[in-house]
$ cat start-v7.pdb   # PDB, C-alpha atoms
MODEL        1
ATOM      1  CA  MET A 133      12.540   2.025  -1.260  1.00  0.00           C
ATOM      2  CA  ASN A 134      14.813   0.343  -3.784  1.00  0.00           C
ATOM      3  CA  ASN A 135      13.575  -3.142  -2.896  1.00  0.00           C
ATOM      4  CA  ILE A 136       9.984  -2.566  -4.080  1.00  0.00           C
ATOM      5  CA  THR A 137       8.934  -4.664  -7.051  1.00  0.00           C
ATOM      6  CA  PHE A 138       5.611  -4.887  -8.839  1.00  0.00           C
ATOM      7  CA  ARG A 139       3.847  -7.767 -10.519  1.00  0.00           C
ATOM      8  CA  ARG A 140       0.449  -8.449 -11.966  1.00  0.00           C
ATOM      9  CA  ALA A 141      -1.756 -10.330  -9.530  1.00  0.00           C
ATOM     10  CA  THR A 142      -3.096 -13.743 -10.466  1.00  0.00           C
ATOM     11  CA  ILE A 143      -5.930 -15.852  -9.124  1.00  0.00           C
ATOM     12  CA  ASP A 144      -3.361 -17.342  -6.722  1.00  0.00           C
ATOM     13  CA  ASP A 145      -3.216 -13.909  -5.013  1.00  0.00           C
ATOM     14  CA  ALA A 146      -6.926 -13.903  -4.095  1.00  0.00           C
ATOM     15  CA  GLU A 147      -6.285 -14.920  -0.457  1.00  0.00           C
ATOM     16  CA  LEU A 148      -3.548 -12.318  -0.089  1.00  0.00           C
ATOM     17  CA  ILE A 149      -5.717  -9.541  -1.522  1.00  0.00           C
ATOM     18  CA  SER A 150      -8.646 -10.670   0.618  1.00  0.00           C
ATOM     19  CA  GLU A 151      -6.509 -10.430   3.757  1.00  0.00           C
ATOM     20  CA  MET A 152      -5.261  -6.960   2.779  1.00  0.00           C
ATOM     21  CA  GLU A 153      -8.876  -5.925   2.145  1.00  0.00           C
ATOM     22  CA  LYS A 154      -9.890  -7.049   5.641  1.00  0.00           C
ATOM     23  CA  LEU A 155      -6.973  -5.200   7.230  1.00  0.00           C
ATOM     24  CA  ASN A 156      -7.424  -1.971   5.277  1.00  0.00           C
ATOM     25  CA  PHE A 157     -11.138  -1.444   4.646  1.00  0.00           C
ATOM     26  CA  SER A 158     -14.214  -1.327   6.870  1.00  0.00           C
ATOM     27  CA  ASP A 159     -16.290  -2.931   4.094  1.00  0.00           C
ATOM     28  CA  PRO A 160     -13.866  -5.350   2.369  1.00  0.00           C
ATOM     29  CA  TRP A 161     -14.560  -7.311  -0.798  1.00  0.00           C
ATOM     30  CA  ASP A 162     -15.214 -10.974  -0.150  1.00  0.00           C
ATOM     31  CA  ILE A 163     -12.910 -13.554  -1.644  1.00  0.00           C
ATOM     32  CA  SER A 164     -15.394 -14.696  -4.295  1.00  0.00           C
ATOM     33  CA  ALA A 165     -15.635 -11.131  -5.654  1.00  0.00           C
ATOM     34  CA  ILE A 166     -11.847 -10.900  -5.708  1.00  0.00           C
ATOM     35  CA  LYS A 167     -11.558 -14.204  -7.571  1.00  0.00           C
ATOM     36  CA  ASN A 168     -14.152 -13.022 -10.090  1.00  0.00           C
ATOM     37  CA  VAL A 169     -12.288  -9.815 -10.891  1.00  0.00           C
ATOM     38  CA  LEU A 170      -8.892 -11.505 -11.019  1.00  0.00           C
ATOM     39  CA  ASP A 171     -10.292 -13.882 -13.616  1.00  0.00           C
ATOM     40  CA  ASN A 172     -11.440 -10.970 -15.828  1.00  0.00           C
ATOM     41  CA  PRO A 173      -8.941  -9.944 -18.553  1.00  0.00           C
ATOM     42  CA  ALA A 174     -10.113  -6.300 -18.348  1.00  0.00           C
ATOM     43  CA  VAL A 175      -9.086  -6.100 -14.687  1.00  0.00           C
ATOM     44  CA  TYR A 176      -5.501  -5.388 -13.688  1.00  0.00           C
ATOM     45  CA  PHE A 177      -4.456  -5.920 -10.089  1.00  0.00           C
ATOM     46  CA  THR A 178      -0.870  -5.044  -9.259  1.00  0.00           C
ATOM     47  CA  VAL A 179       0.896  -6.320  -6.151  1.00  0.00           C
ATOM     48  CA  ALA A 180       3.770  -4.341  -4.623  1.00  0.00           C
ATOM     49  CA  GLU A 181       6.356  -6.397  -2.781  1.00  0.00           C
ATOM     50  CA  LEU A 182       9.162  -5.337  -0.464  1.00  0.00           C
ATOM     51  CA  ASP A 183      11.947  -7.913  -0.590  1.00  0.00           C
ATOM     52  CA  GLY A 184       9.415 -10.420  -1.952  1.00  0.00           C
ATOM     53  CA  ILE A 185       6.792  -9.765   0.733  1.00  0.00           C
ATOM     54  CA  PRO A 186       3.469  -8.258  -0.449  1.00  0.00           C
ATOM     55  CA  VAL A 187       2.859  -4.870   1.172  1.00  0.00           C
ATOM     56  CA  ALA A 188       0.319  -3.197  -1.132  1.00  0.00           C
ATOM     57  CA  TYR A 189      -1.929  -3.731  -4.100  1.00  0.00           C
ATOM     58  CA  GLY A 190      -3.965  -1.722  -6.550  1.00  0.00           C
ATOM     59  CA  GLY A 191      -6.767  -2.770  -8.839  1.00  0.00           C
ATOM     60  CA  MET A 192      -8.230  -1.190 -11.946  1.00  0.00           C
ATOM     61  CA  THR A 193     -10.546  -1.999 -14.794  1.00  0.00           C
ATOM     62  CA  VAL A 194      -9.703  -0.931 -18.326  1.00  0.00           C
ATOM     63  CA  VAL A 195     -12.356  -0.665 -21.030  1.00  0.00           C
ATOM     64  CA  VAL A 196     -11.152   0.654 -24.394  1.00  0.00           C
ATOM     65  CA  ASP A 197      -9.500   3.988 -23.482  1.00  0.00           C
ATOM     66  CA  GLU A 198     -10.896   4.482 -19.958  1.00  0.00           C
ATOM     67  CA  CYS A 199      -9.717   3.154 -16.624  1.00  0.00           C
ATOM     68  CA  ASP A 200     -11.429   2.977 -13.261  1.00  0.00           C
ATOM     69  CA  ILE A 201      -9.104   2.540 -10.300  1.00  0.00           C
ATOM     70  CA  ILE A 202     -11.175   0.381  -7.999  1.00  0.00           C
ATOM     71  CA  ASN A 203      -8.915  -0.260  -4.995  1.00  0.00           C
ATOM     72  CA  ILE A 204      -5.569   0.728  -3.589  1.00  0.00           C
ATOM     73  CA  ALA A 205      -4.333  -0.545  -0.242  1.00  0.00           C
ATOM     74  CA  VAL A 206      -1.006  -0.226   1.562  1.00  0.00           C
ATOM     75  CA  MET A 207      -0.439  -2.224   4.722  1.00  0.00           C
ATOM     76  CA  GLU A 208      -0.655   0.090   7.719  1.00  0.00           C
ATOM     77  CA  HIS A 209       2.918  -0.512   8.905  1.00  0.00           C
ATOM     78  CA  MET A 210       4.201   0.436   5.421  1.00  0.00           C
ATOM     79  CA  ARG A 211       2.303   3.700   4.988  1.00  0.00           C
ATOM     80  CA  ARG A 212       4.008   7.094   4.647  1.00  0.00           C
ATOM     81  CA  MET A 213       7.000   5.482   2.895  1.00  0.00           C
ATOM     82  CA  GLY A 214       6.082   6.331  -0.694  1.00  0.00           C
ATOM     83  CA  ILE A 215       4.763   2.889  -1.623  1.00  0.00           C
ATOM     84  CA  GLY A 216       1.292   4.230  -2.446  1.00  0.00           C
ATOM     85  CA  ARG A 217       2.859   6.861  -4.696  1.00  0.00           C
ATOM     86  CA  MET A 218       4.959   4.239  -6.492  1.00  0.00           C
ATOM     87  CA  LEU A 219       1.896   2.019  -6.890  1.00  0.00           C
ATOM     88  CA  VAL A 220      -0.213   4.824  -8.379  1.00  0.00           C
ATOM     89  CA  GLN A 221       2.640   5.695 -10.751  1.00  0.00           C
ATOM     90  CA  ARG A 222       2.894   2.055 -11.799  1.00  0.00           C
ATOM     91  CA  MET A 223      -0.852   1.978 -12.489  1.00  0.00           C
ATOM     92  CA  LEU A 224      -0.630   5.187 -14.542  1.00  0.00           C
ATOM     93  CA  ASP A 225       2.245   3.696 -16.539  1.00  0.00           C
ATOM     94  CA  ILE A 226       0.206   0.572 -17.267  1.00  0.00           C
ATOM     95  CA  CYS A 227      -2.680   2.782 -18.392  1.00  0.00           C
ATOM     96  CA  LYS A 228      -0.427   4.713 -20.755  1.00  0.00           C
ATOM     97  CA  ASP A 229       0.894   1.448 -22.215  1.00  0.00           C
ATOM     98  CA  LEU A 230      -2.695   0.281 -22.781  1.00  0.00           C
ATOM     99  CA  GLY A 231      -3.716   3.507 -24.542  1.00  0.00           C
ATOM    100  CA  VAL A 232      -5.943   4.780 -21.748  1.00  0.00           C
ATOM    101  CA  THR A 233      -6.816   8.470 -22.062  1.00  0.00           C
ATOM    102  CA  GLU A 234      -8.917   9.005 -18.915  1.00  0.00           C
ATOM    103  CA  ILE A 235      -8.696   7.504 -15.444  1.00  0.00           C
ATOM    104  CA  PHE A 236     -11.451   7.695 -12.837  1.00  0.00           C
ATOM    105  CA  LEU A 237     -11.504   6.861  -9.128  1.00  0.00           C
ATOM    106  CA  GLU A 238     -13.320   7.646  -5.917  1.00  0.00           C
ATOM    107  CA  HIS A 239     -12.269   7.843  -2.292  1.00  0.00           C
ATOM    108  CA  ARG A 240     -13.883   8.462   1.070  1.00  0.00           C
ATOM    109  CA  GLU A 241     -14.356  12.130   1.801  1.00  0.00           C
ATOM    110  CA  SER A 242     -12.430  11.714   5.080  1.00  0.00           C
ATOM    111  CA  ASN A 243      -9.432  10.037   3.415  1.00  0.00           C
ATOM    112  CA  ILE A 244      -7.219  13.120   3.288  1.00  0.00           C
ATOM    113  CA  PRO A 245      -3.972  11.202   2.585  1.00  0.00           C
ATOM    114  CA  ALA A 246      -5.596   9.697  -0.531  1.00  0.00           C
ATOM    115  CA  ALA A 247      -6.900  13.121  -1.611  1.00  0.00           C
ATOM    116  CA  VAL A 248      -3.421  14.646  -1.275  1.00  0.00           C
ATOM    117  CA  LEU A 249      -1.825  11.737  -3.160  1.00  0.00           C
ATOM    118  CA  TYR A 250      -4.288  11.883  -6.054  1.00  0.00           C
ATOM    119  CA  GLU A 251      -4.081  15.680  -6.291  1.00  0.00           C
ATOM    120  CA  SER A 252      -0.292  15.412  -6.520  1.00  0.00           C
ATOM    121  CA  PHE A 253      -0.743  13.329  -9.681  1.00  0.00           C
ATOM    122  CA  GLY A 254      -3.181  15.849 -11.157  1.00  0.00           C
ATOM    123  CA  PHE A 255      -6.482  14.096 -10.430  1.00  0.00           C
ATOM    124  CA  SER A 256      -9.252  16.684 -10.209  1.00  0.00           C
ATOM    125  CA  VAL A 257     -12.608  16.465  -8.442  1.00  0.00           C
ATOM    126  CA  TYR A 258     -15.558  16.158 -10.794  1.00  0.00           C
ATOM    127  CA  GLY A 259     -18.324  15.148  -8.411  1.00  0.00           C
ATOM    128  CA  VAL A 260     -19.569  13.612  -5.177  1.00  0.00           C
ATOM    129  CA  ARG A 261     -21.580  10.414  -4.628  1.00  0.00           C
ATOM    130  CA  ARG A 262     -23.666  10.958  -1.527  1.00  0.00           C
ATOM    131  CA  LYS A 263     -23.536   8.137   1.036  1.00  0.00           C
ATOM    132  CA  TYR A 264     -21.662   5.881  -1.394  1.00  0.00           C
ATOM    133  CA  TYR A 265     -19.746   4.088   1.363  1.00  0.00           C
ATOM    134  CA  SER A 266     -21.174   2.105   4.250  1.00  0.00           C
ATOM    135  CA  SER A 267     -19.541   1.043   7.514  1.00  0.00           C
ATOM    136  CA  PRO A 268     -19.569   3.994   8.268  1.00  0.00           C
ATOM    137  CA  PRO A 269     -21.764   5.843   5.767  1.00  0.00           C
ATOM    138  CA  GLU A 270     -19.798   8.468   3.918  1.00  0.00           C
ATOM    139  CA  ASP A 271     -19.712  10.399   0.669  1.00  0.00           C
ATOM    140  CA  ALA A 272     -17.316   9.463  -2.126  1.00  0.00           C
ATOM    141  CA  ILE A 273     -15.242  12.131  -3.827  1.00  0.00           C
ATOM    142  CA  LEU A 274     -15.050  11.433  -7.567  1.00  0.00           C
ATOM    143  CA  ARG A 275     -11.808  12.247  -9.361  1.00  0.00           C
ATOM    144  CA  LYS A 276     -10.416  11.933 -12.852  1.00  0.00           C
ATOM    145  CA  ILE A 277      -7.324  12.674 -14.869  1.00  0.00           C
ATOM    146  CA  SER A 278      -6.664  12.794 -18.590  1.00  0.00           C
ATOM    147  CA  LEU A 279      -3.452  11.261 -19.884  1.00  0.00           C
TER     148      LEU A 279
ENDMDL
END

$ encode --input "start-v7.pdb" --output "structure tokens"
Amino acid sequence: MNNITFRRATIDDAELISEMEKLNFSDPWDISAIKNVLDNPAVYFTVAELDGIPVAYGGMTVVVDECDIINIAVMEHMRRMGIGRMLVQRMLDICKDLGVTEIFLEHRESNIPAAVLYESFGFSVYGVRRKYYSSPPEDAILRKISL
């Protein structure tokens, strides 16, 4: 995937991210929530593009030396091509540049591809949030990694 590029999302990407949310999640963020986070300087959304066409995004909040990865989505037709891995690596690199020492995230218990991806980067399980997700209800697996 040599034609993948990354850029920081701007408020102009709110519609794009909203559409990806709707296509990838059963309980997507609404556009006003997306606009609010994109307008926050502590929030970093990264868009991955293939030949200039957006195919994935990831969002994270950074407060002092901690990061919370809040969303990662890869368009269904682009999955299993390594784009998610490249996106996570890009987010980790940004965290290192910002002086982050710990990164946290959660994922649906049934999302085995995400679990495998995060484990491959060294994220370890530190807890479970019972019935965290709705549509359908499901537990969240909590993970973290120290940089």

$ closest_atom_pairs --input "start-v7.pdb" --of "stretch 136-216 of chain A" --to "stretch 246-265 of chain A" --cutoff "12 Å" --atoms "all atoms listed in the file" --output "JSON lines"
{"residue": "A:Phe157", "atom": "CA", "partner": "A:Tyr265", "partner_atom": "CA", "distance": 10.7}
{"residue": "A:Ser158", "atom": "CA", "partner": "A:Tyr265", "partner_atom": "CA", "distance": 9.5}
{"residue": "A:Asp159", "atom": "CA", "partner": "A:Tyr265", "partner_atom": "CA", "distance": 8.3}
{"residue": "A:Pro160", "atom": "CA", "partner": "A:Tyr265", "partner_atom": "CA", "distance": 11.2}
{"residue": "A:Ile201", "atom": "CA", "partner": "A:Tyr250", "partner_atom": "CA", "distance": 11.3}
{"residue": "A:Asn203", "atom": "CA", "partner": "A:Ala246", "partner_atom": "CA", "distance": 11.4}
{"residue": "A:Ile204", "atom": "CA", "partner": "A:Ala246", "partner_atom": "CA", "distance": 9.5}
{"residue": "A:Ala205", "atom": "CA", "partner": "A:Ala246", "partner_atom": "CA", "distance": 10.3}
{"residue": "A:Val206", "atom": "CA", "partner": "A:Ala246", "partner_atom": "CA", "distance": 11.1}
{"residue": "A:Arg211", "atom": "CA", "partner": "A:Ala246", "partner_atom": "CA", "distance": 11.3}
{"residue": "A:Arg212", "atom": "CA", "partner": "A:Leu249", "partner_atom": "CA", "distance": 10.8}
{"residue": "A:Gly214", "atom": "CA", "partner": "A:Leu249", "partner_atom": "CA", "distance": 9.9}
{"residue": "A:Ile215", "atom": "CA", "partner": "A:Leu249", "partner_atom": "CA", "distance": 11.1}
{"residue": "A:Gly216", "atom": "CA", "partner": "A:Leu249", "partner_atom": "CA", "distance": 8.2}

$ closest_residue --input "start-v7.pdb" --among "A:Ala141, A:Leu237, A:Ala165, A:Ile277" --to "A:Ala180" --atoms "all atoms listed in the file"
A:Ala141

$ atom_distance --input "start-v7.pdb" --atom1 "atom CA of A:Asn243" --atom2 "atom CA of A:Asp271"
10.6 Å

$ closest_residue --input "start-v7.pdb" --among "A:Asp183, A:Asn135, A:Ser242, A:Glu234" --to "A:Pro268" --atoms "all atoms listed in the file"
A:Ser242

$ resolve_selection --input "start-v7.pdb" --expression "the PyMOL selection byres ((chain A and resi 138) around 8)" --output "PyMOL selection string"
chain A and resi 136-137+139-140+178-181

$ resolve_selection --input "start-v7.pdb" --expression "the PyMOL selection byres ((chain A and resi 195-199) around 9)" --output "PDB file with C-alpha atoms, in the frame of the given file"
ATOM      1  CA  ALA A 174     -10.113  -6.300 -18.348  1.00  0.00           C
ATOM      2  CA  VAL A 175      -9.086  -6.100 -14.687  1.00  0.00           C
ATOM      3  CA  MET A 192      -8.230  -1.190 -11.946  1.00  0.00           C
ATOM      4  CA  THR A 193     -10.546  -1.999 -14.794  1.00  0.00           C
ATOM      5  CA  VAL A 194      -9.703  -0.931 -18.326  1.00  0.00           C
ATOM      6  CA  ASP A 200     -11.429   2.977 -13.261  1.00  0.00           C
ATOM      7  CA  ILE A 201      -9.104   2.540 -10.300  1.00  0.00           C
ATOM      8  CA  CYS A 227      -2.680   2.782 -18.392  1.00  0.00           C
ATOM      9  CA  LEU A 230      -2.695   0.281 -22.781  1.00  0.00           C
ATOM     10  CA  GLY A 231      -3.716   3.507 -24.542  1.00  0.00           C
ATOM     11  CA  VAL A 232      -5.943   4.780 -21.748  1.00  0.00           C
ATOM     12  CA  THR A 233      -6.816   8.470 -22.062  1.00  0.00           C
ATOM     13  CA  GLU A 234      -8.917   9.005 -18.915  1.00  0.00           C
ATOM     14  CA  ILE A 235      -8.696   7.504 -15.444  1.00  0.00           C
ATOM     15  CA  PHE A 236     -11.451   7.695 -12.837  1.00  0.00           C
ATOM     16  CA  LEU A 237     -11.504   6.861  -9.128  1.00  0.00           C
TER      17      LEU A 237
END

$ atom_distance --input "start-v7.pdb" --atom1 "atom CA of A:Ser150" --atom2 "atom CA of A:Arg222"
21.2 Å

$ residues_around --input "start-v7.pdb" --residues "A:Ile149" --least-positions-apart "4" --cutoff "8 Å" --atoms "only C-alpha atoms" --output "VMD selection string"
chain A and resid 145 153 166 189

$ atom_distance --input "start-v7.pdb" --atom1 "atom CA of A:Ile226" --atom2 "atom CA of A:Pro173"
14.0 Å

$ closest_residue --input "start-v7.pdb" --among "A:Ser278, A:Ser267, A:Asn168, A:Gln221" --to "A:Thr142" --atoms "only C-alpha atoms"
A:Asn168

$ decode --input "start-v7.pdb" --residues "stretch 175-189 of chain A" --atoms "N, CA, C and O atoms" --output "mmCIF file, in the first residue's frame"
data_model
loop_
_atom_site.group_PDB
_atom_site.id
_atom_site.type_symbol
_atom_site.label_atom_id
_atom_site.label_comp_id
_atom_site.auth_asym_id
_atom_site.auth_seq_id
_atom_site.Cartn_x
_atom_site.Cartn_y
_atom_site.Cartn_z
ATOM 1 N N VAL A 175 -7.819 17.119 20.509
ATOM 2 C CA VAL A 175 -8.305 15.965 19.752
ATOM 3 C C VAL A 175 -7.580 15.915 18.415
ATOM 4 O O VAL A 175 -7.468 16.922 17.716
ATOM 5 N N TYR A 176 -7.086 14.747 18.088
ATOM 6 C CA TYR A 176 -6.362 14.527 16.834
ATOM 7 C C TYR A 176 -7.093 13.455 16.035
ATOM 8 O O TYR A 176 -7.134 12.300 16.449
ATOM 9 N N PHE A 177 -7.672 13.842 14.928
ATOM 10 C CA PHE A 177 -8.255 12.873 14.003
ATOM 11 C C PHE A 177 -7.336 12.813 12.797
ATOM 12 O O PHE A 177 -6.929 13.849 12.269
ATOM 13 N N THR A 178 -7.005 11.621 12.379
ATOM 14 C CA THR A 178 -6.137 11.394 11.238
ATOM 15 C C THR A 178 -6.943 10.692 10.155
ATOM 16 O O THR A 178 -7.650 9.716 10.440
ATOM 17 N N VAL A 179 -6.849 11.177 8.943
ATOM 18 C CA VAL A 179 -7.521 10.571 7.801
ATOM 19 C C VAL A 179 -6.467 9.858 6.955
ATOM 20 O O VAL A 179 -5.409 10.421 6.666
ATOM 21 N N ALA A 180 -6.759 8.612 6.591
ATOM 22 C CA ALA A 180 -5.906 7.850 5.680
ATOM 23 C C ALA A 180 -6.546 7.898 4.293
ATOM 24 O O ALA A 180 -7.753 7.660 4.153
ATOM 25 N N GLU A 181 -5.726 8.226 3.303
ATOM 26 C CA GLU A 181 -6.220 8.309 1.938
ATOM 27 C C GLU A 181 -5.428 7.372 1.035
ATOM 28 O O GLU A 181 -4.210 7.251 1.171
ATOM 29 N N LEU A 182 -6.132 6.740 0.122
ATOM 30 C CA LEU A 182 -5.519 5.912 -0.913
ATOM 31 C C LEU A 182 -5.689 6.668 -2.221
ATOM 32 O O LEU A 182 -6.820 6.905 -2.661
ATOM 33 N N ASP A 183 -4.573 7.087 -2.799
ATOM 34 C CA ASP A 183 -4.605 7.883 -4.026
ATOM 35 C C ASP A 183 -5.546 9.085 -3.883
ATOM 36 O O ASP A 183 -6.301 9.414 -4.800
ATOM 37 N N GLY A 184 -5.509 9.722 -2.706
ATOM 38 C CA GLY A 184 -6.308 10.920 -2.467
ATOM 39 C C GLY A 184 -7.743 10.677 -2.046
ATOM 40 O O GLY A 184 -8.483 11.631 -1.803
ATOM 41 N N ILE A 185 -8.154 9.417 -1.959
ATOM 42 C CA ILE A 185 -9.530 9.096 -1.570
ATOM 43 C C ILE A 185 -9.531 8.585 -0.128
ATOM 44 O O ILE A 185 -8.829 7.612 0.190
ATOM 45 N N PRO A 186 -10.306 9.218 0.769
ATOM 46 C CA PRO A 186 -10.339 8.781 2.167
ATOM 47 C C PRO A 186 -10.870 7.352 2.300
ATOM 48 O O PRO A 186 -11.905 7.012 1.725
ATOM 49 N N VAL A 187 -10.118 6.530 3.033
ATOM 50 C CA VAL A 187 -10.513 5.128 3.218
ATOM 51 C C VAL A 187 -10.543 4.720 4.694
ATOM 52 O O VAL A 187 -11.015 3.636 5.013
ATOM 53 N N ALA A 188 -10.042 5.577 5.577
ATOM 54 C CA ALA A 188 -10.012 5.239 6.999
ATOM 55 C C ALA A 188 -9.762 6.513 7.803
ATOM 56 O O ALA A 188 -9.310 7.523 7.259
ATOM 57 N N TYR A 189 -10.071 6.420 9.080
ATOM 58 C CA TYR A 189 -9.722 7.519 9.976
ATOM 59 C C TYR A 189 -9.544 6.966 11.381
ATOM 60 O O TYR A 189 -10.011 5.878 11.717
#
